[in-house]
$ cat upload_3.txt   # compact mmCIF, C-alpha atoms
# COMPACT_ATOMS: atom_id res chain seq x y z
CA MET A 1 41.06 -59.51 -108.90
CA LEU A 2 38.23 -61.68 -107.69
CA VAL A 3 39.81 -62.57 -104.39
CA THR A 4 42.88 -62.10 -102.21
CA SER A 5 46.05 -64.13 -102.66
CA LEU A 6 48.20 -66.29 -100.42
CA ARG A 7 51.94 -66.73 -100.37
CA PRO A 8 53.28 -70.19 -101.34
CA LEU A 9 54.68 -72.46 -98.65
CA PRO A 10 58.26 -73.66 -99.42
CA THR A 11 59.13 -77.31 -98.87
CA LEU A 12 62.38 -77.60 -96.93
CA LEU A 13 63.18 -81.19 -97.85
CA ALA A 14 66.90 -81.07 -97.14
CA THR A 15 66.35 -79.54 -93.70
CA ALA A 16 63.69 -82.10 -92.93
CA LEU A 17 66.08 -84.93 -93.75
CA LEU A 18 68.79 -83.46 -91.54
CA LEU A 19 66.43 -83.06 -88.60
CA SER A 20 64.52 -86.32 -89.06
CA SER A 21 66.52 -88.09 -86.37
CA CYS A 22 65.27 -85.55 -83.82
CA LEU A 23 61.58 -86.08 -84.56
CA GLU A 24 59.23 -88.44 -82.78
CA GLN A 25 58.48 -91.56 -84.79
CA PRO A 26 55.21 -91.41 -86.80
CA GLY A 27 52.35 -92.81 -84.83
CA ALA A 28 54.18 -92.38 -81.56
CA GLY A 29 53.67 -88.71 -80.78
CA ARG A 30 52.90 -85.21 -82.01
CA ALA A 31 55.04 -85.65 -85.12
CA ALA A 32 52.38 -88.02 -86.47
CA ASP A 33 49.76 -85.25 -86.43
CA PRO A 34 50.73 -81.65 -87.31
CA ALA A 35 47.53 -80.38 -85.68
CA GLN A 36 48.85 -81.57 -82.31
CA ALA A 37 52.13 -79.67 -82.47
CA PRO A 38 52.58 -76.65 -80.16
CA GLY A 39 53.56 -73.22 -81.37
CA PRO A 40 52.12 -70.41 -83.49
CA ALA A 41 49.52 -70.74 -86.21
CA PRO A 42 50.87 -72.47 -89.33
CA TRP A 43 51.18 -70.80 -92.74
CA GLY A 44 47.90 -69.46 -94.09
CA SER A 45 45.90 -69.75 -90.86
CA ALA A 46 45.28 -67.34 -88.02
CA THR A 47 44.34 -70.22 -85.71
CA THR A 48 46.96 -71.89 -83.53
CA ASN A 49 46.76 -75.63 -82.96
CA ALA A 50 45.60 -75.04 -79.39
CA GLU A 51 42.80 -72.76 -80.61
CA LEU A 52 41.89 -75.25 -83.33
CA LYS A 53 41.59 -78.03 -80.76
CA VAL A 54 39.05 -75.98 -78.80
CA LYS A 55 36.96 -75.57 -81.96
CA LEU A 56 37.27 -79.23 -82.87
CA ASP A 57 36.18 -80.22 -79.36
CA LEU A 58 33.12 -77.95 -79.67
CA LEU A 59 32.32 -79.42 -83.06
CA GLU A 60 32.64 -82.93 -81.64
CA GLU A 61 30.10 -82.03 -78.95
CA PHE A 62 27.73 -80.77 -81.63
CA LEU A 63 28.24 -83.89 -83.76
CA ASP A 64 27.53 -86.03 -80.70
CA GLY A 65 24.20 -84.23 -80.26
CA LYS A 66 25.30 -82.60 -76.99
CA LEU A 67 25.54 -79.00 -78.18
CA THR A 68 23.22 -76.79 -80.25
CA PRO A 69 24.03 -73.48 -81.97
CA ALA A 70 21.92 -71.72 -79.35
CA GLN A 71 24.10 -73.17 -76.59
CA LEU A 72 27.38 -72.27 -78.29
CA ALA A 73 27.73 -68.80 -76.74
CA ALA A 74 27.46 -70.13 -73.20
CA ARG A 75 29.77 -73.04 -73.97
CA ALA A 76 32.29 -70.69 -75.58
CA GLU A 77 32.41 -68.60 -72.42
CA LYS A 78 33.91 -71.60 -70.65
CA ALA A 79 36.20 -72.41 -73.56
CA TYR A 80 37.48 -68.82 -73.86
CA PRO A 81 37.25 -67.34 -70.33
CA THR A 82 39.70 -64.51 -71.02
CA LEU A 83 37.94 -63.20 -74.17
CA SER A 84 35.13 -60.68 -74.36
CA ALA A 85 31.76 -61.65 -75.86
CA ASP A 86 32.66 -59.90 -79.13
CA GLU A 87 36.06 -61.59 -79.27
CA ARG A 88 34.46 -65.00 -78.69
CA LYS A 89 31.98 -64.29 -81.47
CA VAL A 90 34.79 -63.56 -83.90
CA GLN A 91 36.78 -66.58 -82.72
CA LEU A 92 33.83 -68.93 -83.27
CA GLN A 93 32.46 -67.44 -86.48
CA SER A 94 33.41 -70.40 -88.66
CA ILE A 95 32.13 -73.11 -86.34
CA SER A 96 28.95 -71.13 -85.60
CA THR A 97 28.19 -70.86 -89.31
CA LEU A 98 28.87 -74.56 -89.83
CA MET A 99 26.67 -75.61 -86.93
CA THR A 100 23.82 -73.36 -88.04
CA GLU A 101 23.95 -74.70 -91.58
CA MET A 102 23.91 -78.28 -90.34
CA GLN A 103 21.01 -77.52 -88.02
CA GLN A 104 19.02 -76.00 -90.89
CA SER A 105 19.62 -79.15 -92.93
CA GLY A 106 18.25 -81.29 -90.10
CA HIS A 107 21.56 -82.38 -88.55
CA ALA A 108 21.27 -81.24 -84.96
CA GLY A 109 20.37 -82.82 -81.64
CA MET A 110 21.48 -86.26 -82.83
CA LYS A 111 24.72 -88.17 -83.08
CA ILE A 112 26.23 -87.68 -86.53
CA THR A 113 28.54 -90.45 -87.68
CA GLY A 114 30.31 -91.70 -90.78
CA LEU A 115 31.05 -89.52 -93.77
CA PRO A 116 28.77 -86.61 -92.70
CA ARG A 117 30.84 -86.32 -89.52
CA GLU A 118 34.11 -86.39 -91.45
CA MET A 119 32.78 -83.84 -93.92
CA ALA A 120 31.86 -81.47 -91.09
CA LYS A 121 35.40 -81.68 -89.74
CA ALA A 122 36.87 -81.10 -93.19
CA GLU A 123 34.70 -78.01 -93.59
CA LEU A 124 35.93 -76.66 -90.26
CA TYR A 125 39.55 -77.27 -91.24
CA PHE A 126 38.94 -75.46 -94.52
CA ALA A 127 37.22 -72.54 -92.79
CA GLU A 128 40.24 -72.24 -90.52
CA ARG A 129 42.50 -72.23 -93.60
CA ARG A 130 44.03 -75.59 -92.70
CA PHE A 131 44.08 -76.68 -96.33
CA ILE A 132 46.43 -79.65 -95.97
CA GLU A 133 44.38 -81.21 -93.17
CA ALA A 134 41.14 -80.47 -95.02
CA ALA A 135 42.46 -81.99 -98.26
CA THR A 136 43.58 -85.11 -96.41
CA MET A 137 40.15 -85.65 -94.87
CA LEU A 138 38.34 -84.90 -98.13
CA SER A 139 40.53 -87.40 -99.98
CA ARG A 140 39.60 -90.08 -97.46
CA ILE A 141 35.92 -89.24 -97.89
CA LEU A 142 36.20 -89.50 -101.67
CA ASP A 143 38.03 -92.83 -101.36
CA GLU A 144 34.83 -94.16 -99.75
CA ASP A 145 32.36 -92.24 -101.89
CA ALA A 146 33.72 -90.69 -105.09
CA VAL A 147 30.66 -88.44 -105.50
CA TYR A 148 30.06 -87.43 -101.88
CA PRO A 149 28.13 -84.11 -102.04
CA GLY A 150 30.39 -81.05 -101.88
CA ALA A 151 33.58 -82.98 -101.14
CA ARG A 152 35.28 -82.79 -104.52
CA ASN A 153 34.54 -79.10 -105.09
CA LEU A 154 35.90 -78.33 -101.63
CA LEU A 155 38.97 -80.46 -102.38
CA ALA A 156 39.47 -78.44 -105.57
CA ARG A 157 39.46 -75.26 -103.47
CA CYS A 158 42.04 -76.77 -101.11
CA PHE A 159 44.37 -77.52 -104.02
CA PHE A 160 43.91 -73.98 -105.32
CA PHE A 161 44.98 -72.49 -102.01
CA LEU A 162 47.89 -74.95 -101.99
CA GLN A 163 48.93 -73.57 -105.40
CA ASN A 164 48.23 -76.80 -107.31
CA ARG A 165 46.21 -75.44 -110.25
CA ASP A 166 46.44 -78.61 -112.34
CA ARG A 167 44.89 -80.68 -109.56
CA THR A 168 42.22 -78.03 -108.97
CA ILE A 169 41.13 -78.22 -112.60
CA GLU A 170 41.32 -82.02 -112.58
CA GLU A 171 38.93 -82.27 -109.63
CA LEU A 172 36.48 -79.78 -111.15
CA GLU A 173 36.52 -81.57 -114.50
CA PHE A 174 35.65 -84.79 -112.67
CA VAL A 175 32.56 -83.15 -111.21
CA LEU A 176 31.48 -81.80 -114.60
CA ARG A 177 32.03 -85.13 -116.39
CA HIS A 178 30.53 -87.51 -113.83
CA PRO A 179 26.92 -88.45 -114.68
CA GLU A 180 25.89 -88.81 -111.04
CA GLN A 181 27.23 -85.44 -109.94
CA GLY A 182 25.78 -83.92 -113.09
CA LYS A 183 22.35 -84.53 -111.57
CA ASP A 184 23.09 -82.02 -108.80
CA ARG A 185 22.59 -78.57 -110.26
CA ASN A 186 24.30 -76.82 -107.35
CA GLU A 187 27.39 -79.05 -107.64
CA VAL A 188 27.60 -78.34 -111.37
CA LEU A 189 27.13 -74.58 -110.95
CA ASP A 190 29.79 -74.50 -108.24
CA ALA A 191 32.25 -76.44 -110.39
CA LEU A 192 31.57 -74.24 -113.44
CA PHE A 193 32.11 -71.08 -111.39
CA LEU A 194 35.30 -72.40 -109.81
CA LEU A 195 36.72 -73.61 -113.12
CA GLY A 196 36.27 -70.18 -114.67
CA ALA A 197 37.70 -68.45 -111.60
CA THR A 198 40.69 -70.78 -111.44
CA VAL A 199 41.78 -70.03 -115.00
CA ALA A 200 40.83 -66.34 -114.92
CA GLU A 201 43.01 -65.83 -111.85
CA SER A 202 45.98 -67.73 -113.31
CA PRO A 203 48.01 -65.84 -115.92
CA GLY A 204 50.00 -68.20 -118.11
CA MET A 205 47.31 -70.83 -118.69
CA THR A 206 47.18 -72.60 -122.05
CA ARG A 207 44.81 -71.51 -124.79
CA GLU A 208 42.90 -74.76 -124.33
CA ARG A 209 42.25 -73.91 -120.69
CA LEU A 210 41.23 -70.35 -121.54
CA GLU A 211 38.68 -71.79 -123.96
CA ARG A 212 37.47 -74.29 -121.35
CA ALA A 213 37.10 -71.57 -118.73
CA LYS A 214 35.21 -69.32 -121.14
CA GLY A 215 32.83 -72.15 -121.96
CA ALA A 216 32.36 -72.94 -118.26
CA TRP A 217 31.43 -69.37 -117.39
CA GLU A 218 29.17 -68.99 -120.43
CA LEU A 219 27.32 -72.15 -119.39
CA TYR A 220 27.18 -70.88 -115.80
CA LEU A 221 25.39 -67.71 -116.94
CA GLN A 222 22.99 -69.75 -119.05
CA MET A 223 22.12 -71.99 -116.09
CA ALA A 224 22.02 -69.19 -113.49
CA PRO A 225 21.22 -65.92 -115.28
CA ASP A 226 20.16 -64.25 -112.02
CA SER A 227 23.26 -65.30 -110.04
CA ALA A 228 24.68 -62.75 -107.61
CA GLN A 229 28.06 -63.60 -109.14
CA ARG A 230 26.99 -62.47 -112.61
CA PRO A 231 28.94 -59.14 -112.55
CA GLN A 232 32.13 -60.98 -111.54
CA VAL A 233 31.63 -63.66 -114.16
CA GLU A 234 30.90 -61.15 -116.94
CA LYS A 235 34.02 -59.16 -116.06
CA GLY A 236 36.07 -62.35 -115.98
CA LEU A 237 34.67 -63.42 -119.33
CA GLU A 238 35.89 -60.15 -120.85
CA GLU A 239 39.41 -60.93 -119.61
CA LEU A 240 39.25 -64.52 -120.87
CA ARG A 241 38.12 -63.38 -124.32
CA ALA A 242 40.86 -60.76 -124.38
CA GLY A 243 43.37 -63.43 -123.41
CA LEU A 244 42.23 -65.60 -126.31
CA ARG A 245 42.90 -62.65 -128.60
CA GLY A 246 46.39 -62.39 -127.13
CA GLU A 247 45.57 -59.28 -125.10
CA GLY A 248 45.56 -58.31 -121.41
CA ARG A 249 47.05 -60.12 -118.44
CA LEU A 250 45.84 -63.51 -119.73
CA GLY A 251 47.11 -62.90 -123.25
CA THR A 252 50.38 -64.81 -123.06
CA ALA A 253 49.38 -68.46 -123.06
CA LEU A 254 51.99 -71.15 -122.45
CA SER A 255 52.46 -74.15 -124.67
CA PRO A 256 50.56 -77.31 -123.58
CA GLY A 257 52.18 -78.97 -120.58
CA GLN A 258 54.43 -76.01 -119.72
CA GLU A 259 54.54 -75.10 -116.03
CA MET A 260 53.67 -71.65 -114.69
CA ALA A 261 56.47 -69.73 -113.02
CA PRO A 262 56.12 -69.56 -109.21
CA GLY A 263 55.60 -65.80 -109.32
CA GLU A 264 52.71 -66.12 -111.79
CA GLN A 265 50.38 -67.88 -109.39
CA GLY A 266 47.05 -66.06 -109.15
CA ALA A 267 44.62 -65.69 -106.29
CA PRO A 268 42.47 -68.54 -104.94
CA PRO A 269 38.79 -68.72 -105.86
CA PRO A 270 36.24 -67.65 -103.24
CA ALA A 271 35.08 -70.09 -100.61
CA THR A 272 31.52 -70.01 -101.90
CA PRO A 273 30.20 -69.56 -105.43
$ encode --input "upload_3.txt" --output "structure tokens"
Amino acid sequence: MLVTSLRPLPTLLATALLLSSCLEQPGAGRAADPAQAPGPAPWGSATTNAELKVKLDLLEEFLDGKLTPAQLAARAEKAYPTLSADERKVQLQSISTLMTEMQQSGHAGMKITGLPREMAKAELYFAERRFIEAATMLSRILDEDAVYPGARNLLARCFFFLQNRDRTIEELEFVLRHPEQGKDRNEVLDALFLLGATVAESPGMTRERLERAKGAWELYLQMAPDSAQRPQVEKGLEELRAGLRGEGRLGTALSPGQEMAPGEQGAPPPATP
């Protein structure tokens, strides 16, 4: 396996309907925003809503130009007074990485607004495994700019973790078909890698998708022959080719349009190519 797997989240529609009269009206309280609800961390995340709010507040300070990566440790001491220095470092790993990357790209010490600000928040949500919130923000970004750098590939990852393989592939195919995004080599390489990984980690895919994934990974190796991911891709290609011969765990392809059984869901692709 290329990566670890997540358990699916059941949708309790009937229960939700029965309890709807007890909920606050949308827009009037915490029910309008799941991230504001009290309680333990939601499915898939180790971060409670209270902990997430601390990180979002720190990110807001950074995006307002009031906090630098170098100041984060001291600021975190106030935010997490009961944690040791090592515990704070672990707690803030995702936001520290995000802030450092934005600083290296020239986004530090100034107020960041608009889509770059929204993208930074979406990346933090994703890093904290809040895939629904991340996907919601990324969808809004793409409504304003359909080719915003990195947004669609990250949205594809969100859908993978949310067990929506069809939508994952749809988003990646958009990147690979769009002439504007085709100009960005890194976007294309990322989409090619993710497309291959999505299919290779999903037993029960159609023959057409196995062929598409094989072509994506073959093109990936042509474009990036020295990629650090080459061993993974070559191993995955062997499995895809075996699947096309009707062998191995990918050998039983479904007919076009047939759904995969819930228990056949594979593991999500890695967070970075």
$ closest_residue --input "upload_3.txt" --among "A:Arg212, A:His178, A:Arg167, A:Lys55" --to "A:Tyr148" --atoms "all atoms listed in the file"
A:His178
$ residues_near_point --input "upload_3.txt" --point "(35.8, -78.3, -92.6)" --cutoff "8 Å" --atoms "all atoms listed in the file" --output "list in words"
Met119, Ala120, Lys121, Ala122, Glu123, Leu124, Tyr125, Phe126, Ala127, Glu128 and Ala134 of chain A
$ residues_around --input "upload_3.txt" --residues "A:Ala70" --least-positions-apart "3" --cutoff "12 Å" --atoms "only C-alpha atoms" --output "list in words"
Phe62, Lys66, Leu67, Ala73, Ala74, Arg75, Ala76, Ser96, Thr97, Met99, Thr100, Gln103, Ala108 and Gly109 of chain A
$ closest_residue --input "upload_3.txt" --among "A:Leu194, A:Asp86, A:Gln181, A:Thr68" --to "A:Arg157" --atoms "all atoms listed in the file"
A:Leu194
$ residues_around --input "upload_3.txt" --residues "A:Gly114" --least-positions-apart "2" --cutoff "12 Å" --atoms "only C-alpha atoms" --output "JSON list (two decimals) with C-alpha atoms, in the coordinates of the input"
[["chain", "number", "residue", "atom", "x", "y", "z"],
["A", 63, "LEU", "CA", 28.24, -83.89, -83.76],
["A", 64, "ASP", "CA", 27.53, -86.03, -80.70],
["A", 111, "LYS", "CA", 24.72, -88.17, -83.08],
["A", 112, "ILE", "CA", 26.23, -87.68, -86.53],
["A", 116, "PRO", "CA", 28.77, -86.61, -92.70],
["A", 117, "ARG", "CA", 30.84, -86.32, -89.52],
["A", 118, "GLU", "CA", 34.11, -86.39, -91.45],
["A", 119, "MET", "CA", 32.78, -83.84, -93.92],
["A", 120, "ALA", "CA", 31.86, -81.47, -91.09],
["A", 121, "LYS", "CA", 35.40, -81.68, -89.74],
["A", 140, "ARG", "CA", 39.60, -90.08, -97.46],
["A", 141, "ILE", "CA", 35.92, -89.24, -97.89],
["A", 144, "GLU", "CA", 34.83, -94.16, -99.75],
["A", 145, "ASP", "CA", 32.36, -92.24, -101.89],
["A", 148, "TYR", "CA", 30.06, -87.43, -101.88]]
$ closest_residue --input "upload_3.txt" --among "A:Pro231, A:Pro81, A:Gly246, A:Gly150" --to "A:Asp184" --atoms "all atoms listed in the file"
A:Gly150
$ residues_around --input "upload_3.txt" --residues "A:Leu244" --least-positions-apart "6" --cutoff "12 Å" --atoms "all atoms listed in the file" --output "PyMOL selection string"
chain A and resi 200+203-214+237-238+250-254
$ build_atoms --input "upload_3.txt" --residues "stretch 168-179 of chain A" --atoms "N, CA and C atoms" --output "tab-separated table (two decimals), keeping the file's coordinate frame"
chain	number	residue	atom	x	y	z
A	168	THR	N	43.49	-78.73	-109.12
A	168	THR	CA	42.22	-78.03	-108.97
A	168	THR	C	41.33	-78.28	-110.19
A	169	ILE	N	41.89	-78.06	-111.36
A	169	ILE	CA	41.13	-78.22	-112.60
A	169	ILE	C	40.74	-79.68	-112.79
A	170	GLU	N	41.62	-80.59	-112.45
A	170	GLU	CA	41.32	-82.02	-112.58
A	170	GLU	C	40.10	-82.41	-111.75
A	171	GLU	N	40.06	-81.93	-110.51
A	171	GLU	CA	38.93	-82.27	-109.63
A	171	GLU	C	37.62	-81.65	-110.15
A	172	LEU	N	37.68	-80.43	-110.63
A	172	LEU	CA	36.48	-79.78	-111.15
A	172	LEU	C	35.99	-80.45	-112.43
A	173	GLU	N	36.90	-80.87	-113.28
A	173	GLU	CA	36.52	-81.57	-114.50
A	173	GLU	C	35.85	-82.90	-114.16
A	174	PHE	N	36.29	-83.55	-113.11
A	174	PHE	CA	35.65	-84.79	-112.67
A	174	PHE	C	34.18	-84.54	-112.34
A	175	VAL	N	33.94	-83.48	-111.58
A	175	VAL	CA	32.56	-83.15	-111.21
A	175	VAL	C	31.71	-82.91	-112.46
A	176	LEU	N	32.25	-82.18	-113.41
A	176	LEU	CA	31.48	-81.80	-114.60
A	176	LEU	C	31.28	-82.98	-115.56
A	177	ARG	N	32.15	-83.98	-115.50
A	177	ARG	CA	32.03	-85.13	-116.39
A	177	ARG	C	31.20	-86.26	-115.80
A	178	HIS	N	31.15	-86.34	-114.47
A	178	HIS	CA	30.53	-87.51	-113.83
A	178	HIS	C	29.01	-87.44	-113.94
A	179	PRO	N	28.38	-88.48	-114.48
A	179	PRO	CA	26.92	-88.45	-114.68
A	179	PRO	C	26.12	-88.31	-113.39
